[in-house]
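Enquirer: If it helps, the file is called upload.txt and holds compact mmCIF, C-alpha atoms and all ligand atoms:
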```txt
# COMPACT_ATOMS: atom_id res chain seq x y z
CA MET B 1193 27.93 -176.66 -240.96
CA VAL B 1194 30.01 -179.82 -241.00
CA GLU B 1195 33.65 -179.63 -241.92
CA LEU B 1196 36.22 -182.40 -241.86
CA PHE B 1197 39.74 -181.63 -242.92
CA ASN B 1198 42.22 -184.48 -243.52
CA VAL B 1199 40.53 -186.66 -240.92
CA THR B 1200 41.92 -190.08 -240.11
CA ALA B 1201 40.23 -192.28 -237.53
CA SER B 1202 40.77 -195.76 -236.15
CA TYR B 1203 39.65 -198.06 -233.35
CA GLN B 1204 42.98 -199.87 -233.13
CA LYS B 1205 46.36 -198.42 -233.79
CA GLY B 1206 47.54 -199.13 -237.31
CA THR B 1207 44.08 -199.87 -238.75
CA ASP B 1208 42.69 -196.67 -240.20
CA ILE B 1209 38.94 -196.79 -240.73
CA LEU B 1210 38.57 -193.31 -242.21
CA LYS B 1211 41.53 -192.24 -244.26
CA ASP B 1212 42.34 -188.60 -244.85
CA VAL B 1213 38.71 -187.56 -245.25
CA THR B 1214 38.00 -183.97 -246.25
CA LEU B 1215 34.34 -183.00 -246.45
CA ARG B 1216 32.23 -179.90 -246.11
CA ILE B 1217 28.47 -179.74 -245.75
CA ASP B 1218 27.10 -176.22 -245.62
CA ASP B 1219 24.18 -175.04 -243.52
CA GLY B 1220 20.89 -175.87 -245.23
CA GLU B 1221 22.21 -178.76 -247.33
CA PHE B 1222 20.71 -182.23 -247.61
CA ALA B 1223 23.28 -184.93 -248.27
CA PHE B 1224 22.95 -188.66 -248.62
CA VAL B 1225 25.87 -190.74 -247.38
CA VAL B 1226 26.08 -194.13 -249.07
CA GLY B 1227 28.57 -196.96 -249.00
CA SER B 1228 28.71 -200.68 -248.44
CA SER B 1229 28.70 -202.28 -245.01
CA GLY B 1230 31.96 -201.66 -243.20
CA ALA B 1231 32.85 -198.67 -245.38
CA GLY B 1232 33.02 -196.29 -242.41
CA LYS B 1233 29.64 -194.54 -242.41
CA SER B 1234 28.90 -195.18 -238.72
CA THR B 1235 32.42 -194.17 -237.83
CA LEU B 1236 31.84 -190.86 -239.61
CA ILE B 1237 28.65 -190.33 -237.56
CA LYS B 1238 30.43 -191.18 -234.31
CA LEU B 1239 33.06 -188.58 -235.11
CA LEU B 1240 30.42 -185.94 -235.87
CA LEU B 1241 28.69 -186.62 -232.52
CA LYS B 1242 32.05 -186.66 -230.73
CA GLU B 1243 31.48 -190.20 -229.55
CA ILE B 1244 34.99 -190.93 -230.79
CA ASP B 1245 37.90 -188.64 -231.63
CA ALA B 1246 39.91 -188.44 -234.81
CA ASP B 1247 43.55 -189.53 -234.76
CA SER B 1248 44.46 -186.59 -236.96
CA GLY B 1249 42.80 -183.80 -238.89
CA SER B 1250 40.17 -181.34 -237.75
CA ILE B 1251 36.39 -181.53 -237.36
CA ILE B 1252 34.05 -178.59 -237.00
CA VAL B 1253 30.32 -179.16 -236.49
CA ASN B 1254 27.84 -176.32 -235.99
CA GLU B 1255 30.69 -173.94 -235.18
CA TYR B 1256 32.12 -176.23 -232.48
CA ASN B 1257 35.71 -177.26 -233.05
CA LEU B 1258 35.54 -180.87 -231.90
CA ASN B 1259 39.31 -181.14 -231.52
CA ARG B 1260 39.19 -178.55 -228.78
CA LEU B 1261 35.76 -179.23 -227.30
CA ARG B 1262 36.01 -179.77 -223.55
CA PRO B 1263 34.00 -182.68 -222.09
CA LYS B 1264 31.91 -180.22 -220.08
CA LYS B 1265 30.68 -178.62 -223.32
CA VAL B 1266 29.80 -181.87 -225.12
CA PRO B 1267 26.11 -181.99 -223.98
CA GLN B 1268 25.61 -178.39 -225.12
CA PHE B 1269 27.18 -179.24 -228.48
CA ARG B 1270 25.07 -182.39 -228.92
CA ARG B 1271 21.89 -180.39 -228.44
CA THR B 1272 22.63 -178.70 -231.77
CA ILE B 1273 22.19 -182.07 -233.48
CA GLY B 1274 19.11 -184.27 -233.76
CA VAL B 1275 19.76 -187.94 -234.39
CA VAL B 1276 17.39 -190.43 -236.01
CA PHE B 1277 18.31 -194.11 -235.72
CA GLN B 1278 17.37 -197.12 -237.80
CA ASP B 1279 15.78 -198.84 -234.78
CA PHE B 1280 13.85 -195.72 -233.62
CA ARG B 1281 15.07 -196.00 -229.99
CA LEU B 1282 11.79 -194.89 -228.47
CA ILE B 1283 11.14 -195.59 -224.81
CA PRO B 1284 8.52 -198.38 -224.81
CA ASN B 1285 6.71 -197.48 -221.57
CA MET B 1286 6.32 -193.82 -222.47
CA THR B 1287 3.60 -192.31 -224.63
CA VAL B 1288 4.43 -190.54 -227.88
CA TYR B 1289 4.05 -187.24 -226.01
CA ASP B 1290 6.44 -188.28 -223.26
CA ASN B 1291 9.01 -189.72 -225.68
CA VAL B 1292 9.32 -186.29 -227.26
CA ALA B 1293 8.93 -184.35 -223.99
CA PHE B 1294 11.67 -186.46 -222.41
CA VAL B 1295 14.49 -184.89 -224.45
CA LEU B 1296 13.21 -181.45 -223.51
CA ARG B 1297 12.99 -182.34 -219.83
CA VAL B 1298 16.56 -183.62 -219.71
CA THR B 1299 17.72 -180.36 -221.25
CA ASN B 1300 15.85 -178.45 -218.53
CA ARG B 1301 13.35 -176.69 -220.77
CA PRO B 1302 10.53 -174.94 -218.90
CA ASN B 1303 7.24 -176.83 -218.68
CA LYS B 1304 5.41 -174.12 -220.55
CA TYR B 1305 7.79 -174.49 -223.48
CA ILE B 1306 7.48 -178.29 -223.44
CA LYS B 1307 3.68 -178.11 -223.53
CA GLN B 1308 3.83 -175.97 -226.66
CA ARG B 1309 6.79 -177.56 -228.38
CA VAL B 1310 5.76 -181.24 -228.20
CA PRO B 1311 2.41 -180.82 -230.00
CA TYR B 1312 4.10 -178.50 -232.49
CA VAL B 1313 6.72 -181.03 -233.58
CA LEU B 1314 4.22 -183.92 -233.52
CA ASP B 1315 1.97 -181.89 -235.79
CA LEU B 1316 4.89 -181.35 -238.17
CA VAL B 1317 5.21 -185.12 -238.60
CA GLY B 1318 1.42 -185.61 -238.78
CA LEU B 1319 1.04 -187.57 -235.56
CA MET B 1320 -1.13 -185.41 -233.32
CA ASP B 1321 -3.76 -188.17 -233.30
CA LYS B 1322 -1.23 -190.61 -231.77
CA ILE B 1323 -0.04 -188.31 -229.00
CA LYS B 1324 -1.33 -190.63 -226.24
CA SER B 1325 -0.30 -193.90 -227.93
CA TYR B 1326 2.60 -196.09 -226.90
CA PRO B 1327 5.33 -197.06 -229.40
CA ASN B 1328 4.10 -200.67 -229.69
CA GLU B 1329 0.73 -199.36 -230.89
CA LEU B 1330 2.36 -197.66 -233.87
CA SER B 1331 3.62 -198.92 -237.24
CA GLY B 1332 7.33 -198.76 -238.02
CA GLY B 1333 6.78 -195.66 -240.16
CA GLU B 1334 4.85 -193.94 -237.37
CA GLN B 1335 7.51 -194.81 -234.80
CA GLN B 1336 10.13 -193.29 -237.06
CA ARG B 1337 8.01 -190.15 -237.39
CA VAL B 1338 7.94 -189.89 -233.58
CA ALA B 1339 11.72 -190.27 -233.62
CA ILE B 1340 11.93 -187.44 -236.18
CA ALA B 1341 9.70 -185.26 -233.97
CA ARG B 1342 11.98 -186.05 -231.04
CA ALA B 1343 15.03 -185.14 -233.13
CA LEU B 1344 13.35 -181.81 -233.95
CA ALA B 1345 12.37 -181.04 -230.37
CA ASN B 1346 15.48 -179.04 -229.49
CA ASP B 1347 15.36 -177.17 -232.82
CA PRO B 1348 18.72 -178.58 -234.02
CA LYS B 1349 20.83 -177.02 -236.75
CA LEU B 1350 21.70 -180.47 -238.08
CA ILE B 1351 19.85 -183.77 -238.24
CA ILE B 1352 21.85 -186.94 -238.69
CA ALA B 1353 19.64 -189.81 -239.84
CA ASP B 1354 21.36 -193.20 -239.71
CA GLU B 1355 19.52 -195.60 -242.04
CA PRO B 1356 16.17 -194.06 -241.00
CA THR B 1357 14.20 -196.18 -243.47
CA GLY B 1358 15.87 -199.49 -242.64
CA ASN B 1359 12.99 -200.76 -240.48
CA VAL B 1360 10.15 -199.09 -242.33
CA ASP B 1361 7.86 -200.47 -245.08
CA PRO B 1362 9.16 -199.55 -248.54
CA ASN B 1363 6.23 -197.24 -249.32
CA MET B 1364 6.57 -195.46 -245.97
CA SER B 1365 10.31 -195.08 -246.57
CA TYR B 1366 9.65 -192.49 -249.22
CA GLU B 1367 7.35 -190.58 -246.86
CA ILE B 1368 10.05 -190.57 -244.20
CA VAL B 1369 12.58 -189.09 -246.62
CA GLU B 1370 9.96 -186.65 -247.94
CA MET B 1371 9.47 -185.52 -244.35
CA LEU B 1372 13.21 -185.03 -243.89
CA LYS B 1373 13.27 -183.09 -247.16
CA ASN B 1374 10.52 -180.80 -245.88
CA ILE B 1375 12.40 -180.24 -242.63
CA ASN B 1376 15.44 -179.42 -244.73
CA ARG B 1377 13.44 -176.90 -246.75
CA CYS B 1378 12.76 -175.09 -243.47
CA GLY B 1379 16.51 -174.66 -243.00
CA THR B 1380 17.80 -177.68 -241.04
CA THR B 1381 20.88 -179.34 -242.50
CA ILE B 1382 20.35 -183.06 -243.04
CA LEU B 1383 22.86 -185.86 -243.36
CA MET B 1384 21.18 -189.14 -244.15
CA VAL B 1385 23.03 -192.45 -244.25
CA THR B 1386 21.36 -195.08 -246.39
CA HIS B 1387 22.15 -198.13 -248.46
CA GLU B 1388 18.95 -197.83 -250.48
CA HIS B 1389 20.37 -196.69 -253.78
CA ASP B 1390 16.97 -196.68 -255.40
CA MET B 1391 15.76 -194.16 -252.89
CA VAL B 1392 18.79 -191.94 -253.44
CA ARG B 1393 18.20 -192.05 -257.16
CA TYR B 1394 14.53 -191.17 -256.71
CA PHE B 1395 15.21 -188.06 -254.62
CA GLY B 1396 18.55 -187.06 -256.12
CA GLY B 1397 20.71 -184.31 -254.66
CA ARG B 1398 24.10 -184.47 -253.05
CA VAL B 1399 25.47 -187.99 -252.67
CA ILE B 1400 28.63 -188.80 -250.74
CA ASN B 1401 29.89 -192.33 -251.33
CA ILE B 1402 32.36 -193.77 -248.82
CA ASP B 1403 34.29 -196.86 -249.77
CA ASP B 1404 36.83 -198.46 -247.47
CA GLY B 1405 37.25 -195.23 -245.48
CA ILE B 1406 37.71 -192.98 -248.48
CA ILE B 1407 35.24 -190.61 -250.14
CA VAL B 1408 35.15 -191.97 -253.67
CA PHE B 1409 32.25 -189.85 -254.92
CA ASP B 1410 30.79 -186.53 -253.77
CA ASP B 1411 28.52 -184.86 -256.27
CA TYR B 1412 24.97 -184.00 -257.21
CA VAL B 1413 22.78 -186.68 -258.74
CA GLU B 1414 19.65 -185.85 -260.70
CA ALA B 1415 16.33 -186.90 -259.21
CA ASN B 1416 14.61 -189.68 -261.10
CA SER B 1417 11.03 -190.14 -259.97
CA ASP B 1418 10.52 -193.11 -262.33
CA VAL B 1419 12.59 -195.24 -259.98
CA GLN B 1420 9.88 -195.56 -257.38
CA LYS B 1421 7.38 -196.78 -259.93
CA SER B 1422 9.63 -199.66 -260.81
CA LYS B 1423 9.58 -200.68 -257.18
CA ILE B 1424 5.88 -200.62 -256.37
CA SER B 1425 3.18 -202.18 -258.51
CA ILE B 1426 -0.56 -202.15 -257.85
CA ASN B 1427 -2.40 -205.36 -258.76
CA ASN B 1428 -5.91 -205.58 -260.24
CA ASP B 1429 -7.39 -206.33 -256.82
CA ASN B 1430 -5.71 -203.14 -255.55
CA SER B 1431 -3.14 -205.05 -253.48
CA ILE B 1432 0.32 -203.61 -253.65
CA GLU B 1433 3.42 -205.54 -254.57
CA PHE B 1434 6.95 -204.49 -253.78
CA THR B 1435 10.00 -205.51 -255.71
CA ASN B 1436 13.14 -205.50 -253.65
CA ALA B 1437 14.78 -202.10 -253.91
CA PHE B 1438 17.93 -203.39 -252.31
CA GLU B 1439 18.65 -205.53 -255.35
CA VAL B 1440 18.87 -202.53 -257.62
CA GLN B 1441 22.46 -201.46 -257.89
CA TYR B 1442 23.25 -197.95 -258.91
CA ASP B 1443 26.48 -196.58 -260.18
CA PHE B 1444 26.65 -192.98 -259.01
CA LYS B 1445 29.10 -192.16 -261.73
P1 LIG I 1 29.52 -198.82 -241.88
O1 LIG I 1 28.72 -197.98 -240.94
O2 LIG I 1 29.79 -198.15 -243.19
O3 LIG I 1 28.94 -200.20 -242.07
P2 LIG I 1 31.49 -198.80 -239.74
O4 LIG I 1 31.93 -197.39 -239.60
O5 LIG I 1 30.54 -199.35 -238.74
O6 LIG I 1 30.96 -199.04 -241.23
O7 LIG I 1 32.77 -199.75 -239.71
C1 LIG I 1 33.93 -199.49 -240.47
C2 LIG I 1 34.99 -200.49 -240.04
O8 LIG I 1 35.33 -200.24 -238.67
C3 LIG I 1 34.57 -201.94 -240.12
O9 LIG I 1 35.67 -202.66 -240.60
C4 LIG I 1 34.26 -202.29 -238.69
O10 LIG I 1 34.52 -203.65 -238.45
C5 LIG I 1 35.22 -201.41 -237.90
N1 LIG I 1 34.67 -201.05 -236.59
C6 LIG I 1 33.51 -200.43 -236.34
N2 LIG I 1 33.33 -200.23 -235.03
C7 LIG I 1 34.41 -200.74 -234.41
C8 LIG I 1 34.83 -200.86 -233.04
N3 LIG I 1 34.08 -200.36 -232.04
N4 LIG I 1 36.02 -201.46 -232.79
C9 LIG I 1 36.78 -201.94 -233.78
N5 LIG I 1 36.47 -201.86 -235.10
C10 LIG I 1 35.30 -201.28 -235.40
```
Write the structure described by the file as structure tokens, please.
Ligand code: ADP

Expert:
Amino acid sequence: MVELFNVTASYQKGTDILKDVTLRIDDGEFAFVVGSSGAGKSTLIKLLLKEIDADSGSIIVNEYNLNRLRPKKVPQFRRTIGVVFQDFRLIPNMTVYDNVAFVLRVTNRPNKYIKQRVPYVLDLVGLMDKIKSYPNELSGGEQQRVAIARALANDPKLIIADEPTGNVDPNMSYEIVEMLKNINRCGTTILMVTHEHDMVRYFGGRVINIDDGIIVFDDYVEANSDVQKSKISINNDNSIEFTNAFEVQYDFK
């Protein structure tokens, strides 16, 4: 569970980036976080990972009260969260297997567990056939699936995905979100930051819109599967054409 109560945060005194934010995301929810560049989305994520502290207000994530969390306990807390980044952040000279195994090794998991867990999570994202490949041998979509497997490795309660489709082909983007949706159906809470309004409209669900450090919209939006069709067209010669989803503006109200 994620709970922010009257949270204000800044990088410099006198310039509040998040302003009196109150937000609750229950276990098992899937929520999109949208907002224009500079709105405060990354700042929200940094707060949730305890990379920065709030100036005022309280933050509880996965039963850890971040206001009172001692530095010694931070690694233990962070293991309850899987993070997926826009730029994948895979280690280039490690195989797919080792990229996933790495996070289990640094958390001192027994070898026997690692040998079972890595193939299990790679199978969940459909990448068992790439287990020995290196990141540069994979497409953007495949690299992001490895990153999702890595995020799942420690069986987190919460996955924070920060623009996970930003560097992925438009058609693969929907598969990435579909994958996150499936993970969510198995019980993991998911918070996904995106600026792809078309995608949000396609999947629907809870949408939190941050504007200039304030939550201006937090409600459920109906899924509209027609949206994707407007984005992808198949030509007579079977080539596929994409229209730019980023141009489509959507008013969540
Ligand atoms: P978003 O992720 O929605 O694009 P951010 O949370 O990154 O927005 O940024 C919100 C505001 O905070 C912006 O005005 C940005 O310039 C400012 N900001 C972000 N990081 C820092 C930092 N490390 N130091 C000072 N200001 C920052």

Enquirer: Find the residues near ligand LIG 1 (chain I). Use a cut-off of 9 Å, count only C-alpha atoms and all ligand atoms, and write them as a PyMOL selection string.

Expert: chain B and resi 1202-1204+1207-1210+1226-1238+1354+1385+1402-1405

Enquirer: Work out how far atom CA of B:Phe1222 is from atom CA of B:Asp1410, in Å to one decimal.

Expert: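 Taking atom CA of B:Asp1410 as the start and atom CA of B:Phe1222 as the end point, the length is 12.6 Å.
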
Enquirer: Please identify all polymer residues within 12 Å of B:Asn1285, counting all atoms listed in the file, omitting same-chain residues fewer than 2 positions from it, and present them as a list in words.

Expert: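 Close residues of B:Asn1285: Arg1281, Leu1282, Ile1283, Thr1287, Val1288, Tyr1289, Asp1290, Asn1291, Lys1324, Ser1325, Tyr1326, Pro1327, Asn1328 and Glu1329 of chain B.
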
Enquirer: Next, write the just-selected residues to a file, as a compact mmCIF listing (two decimals), in the frame of the given file, keeping C-alpha atoms as the atom set.

Expert:
```
# COMPACT_ATOMS: atom_id res chain seq x y z
CA ARG B 1281 15.07 -196.00 -229.99
CA LEU B 1282 11.79 -194.89 -228.47
CA ILE B 1283 11.14 -195.59 -224.81
CA THR B 1287 3.60 -192.31 -224.63
CA VAL B 1288 4.43 -190.54 -227.88
CA TYR B 1289 4.05 -187.24 -226.01
CA ASP B 1290 6.44 -188.28 -223.26
CA ASN B 1291 9.01 -189.72 -225.68
CA LYS B 1324 -1.33 -190.63 -226.24
CA SER B 1325 -0.30 -193.90 -227.93
CA TYR B 1326 2.60 -196.09 -226.90
CA PRO B 1327 5.33 -197.06 -229.40
CA ASN B 1328 4.10 -200.67 -229.69
CA GLU B 1329 0.73 -199.36 -230.89
```

Enquirer: Can you find the residues with an atom no farther than 12 Å from (20.6, -188.4, -255.0), counting only C-alpha atoms, and report them as a PyMOL selection string?

Expert: chain B and resi 1222-1226+1369+1373+1384-1401+1409-1417+1419+1442-1445

Enquirer: Quick one: distance from atom CA of B:Ile1252 to atom CA of B:Val1275 in Å, one decimal?

Expert: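 Computing it gives 17.3 Å between the two atoms.
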
Enquirer: Which distance in Å separates atom CA of B:Asn1376 and atom CA of B:Tyr1312, to one decimal?

Expert: 16.7 Å

Enquirer: When distances are computed from all atoms listed in the file, which of B:Val1194, B:Cys1378, B:Val1298, B:Ile1406 shows the smallest separation from B:Leu1344?

Expert: B:Cys1378

Enquirer: Please determine, counting all atoms listed in the file, which residue among B:Pro1348, B:Gly1332, B:Gly1318, B:Pro1302 has the shortest atom-to-atom distance to B:Gly1274.

Expert: B:Pro1348

Enquirer: Using the file's own x, y and z axes, so that the box edges lie along x, y and z, what centre and edge lengths in Å (one decimal) does a box around every listed atom of stretch 1237-1244 of chain B get when 3 Å is added on each side? Give it as JSON.

Expert:
```
{"center_x": 31.8, "center_y": -188.6, "center_z": -233.6, "size_x": 12.3, "size_y": 11.2, "size_z": 14.0}
```

Enquirer: I want to know what sits within 10 Å of B:Arg1377, based on all atoms listed in the file, with residues of the same chain fewer than 4 positions away left out; could you give that as a PDB file with C-alpha atoms, keeping the file's coordinate frame?

Expert:
```
ATOM      1  CA  GLY B1220      20.890-175.870-245.230  1.00  0.00           C
ATOM      2  CA  GLU B1221      22.210-178.760-247.330  1.00  0.00           C
ATOM      3  CA  PHE B1222      20.710-182.230-247.610  1.00  0.00           C
ATOM      4  CA  MET B1371       9.470-185.520-244.350  1.00  0.00           C
ATOM      5  CA  LEU B1372      13.210-185.030-243.890  1.00  0.00           C
ATOM      6  CA  LYS B1373      13.270-183.090-247.160  1.00  0.00           C
ATOM      7  CA  THR B1381      20.880-179.340-242.500  1.00  0.00           C
ATOM      8  CA  ILE B1382      20.350-183.060-243.040  1.00  0.00           C
TER       9      ILE B1382
END
```

Enquirer: When distances are computed from only C-alpha atoms, which of B:Lys1307, B:Pro1284, B:Asp1279, B:Glu1334 shows the smallest separation from B:Asn1359?

Expert: B:Asp1279

Enquirer: Taking all atoms listed in the file into account, name the residue in B:Ile1351, B:Val1292, B:Ile1407, B:Ala1339 that is nearest to B:Met1193.

Expert: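 Ranking B:Ile1351, B:Val1292, B:Ile1407, B:Ala1339 by distance to B:Met1193, first place goes to B:Ile1351.
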
Enquirer: If you count all atoms listed in the file, which residues fall within 6 Å of stretch 1242-1247 of chain B, apart from same-chain ones fewer than 3 positions away, as a list in words?

Expert: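 Once the adjacent positions are removed, what remains is Thr1200, Ala1201, Lys1238 and Leu1239 of chain B.
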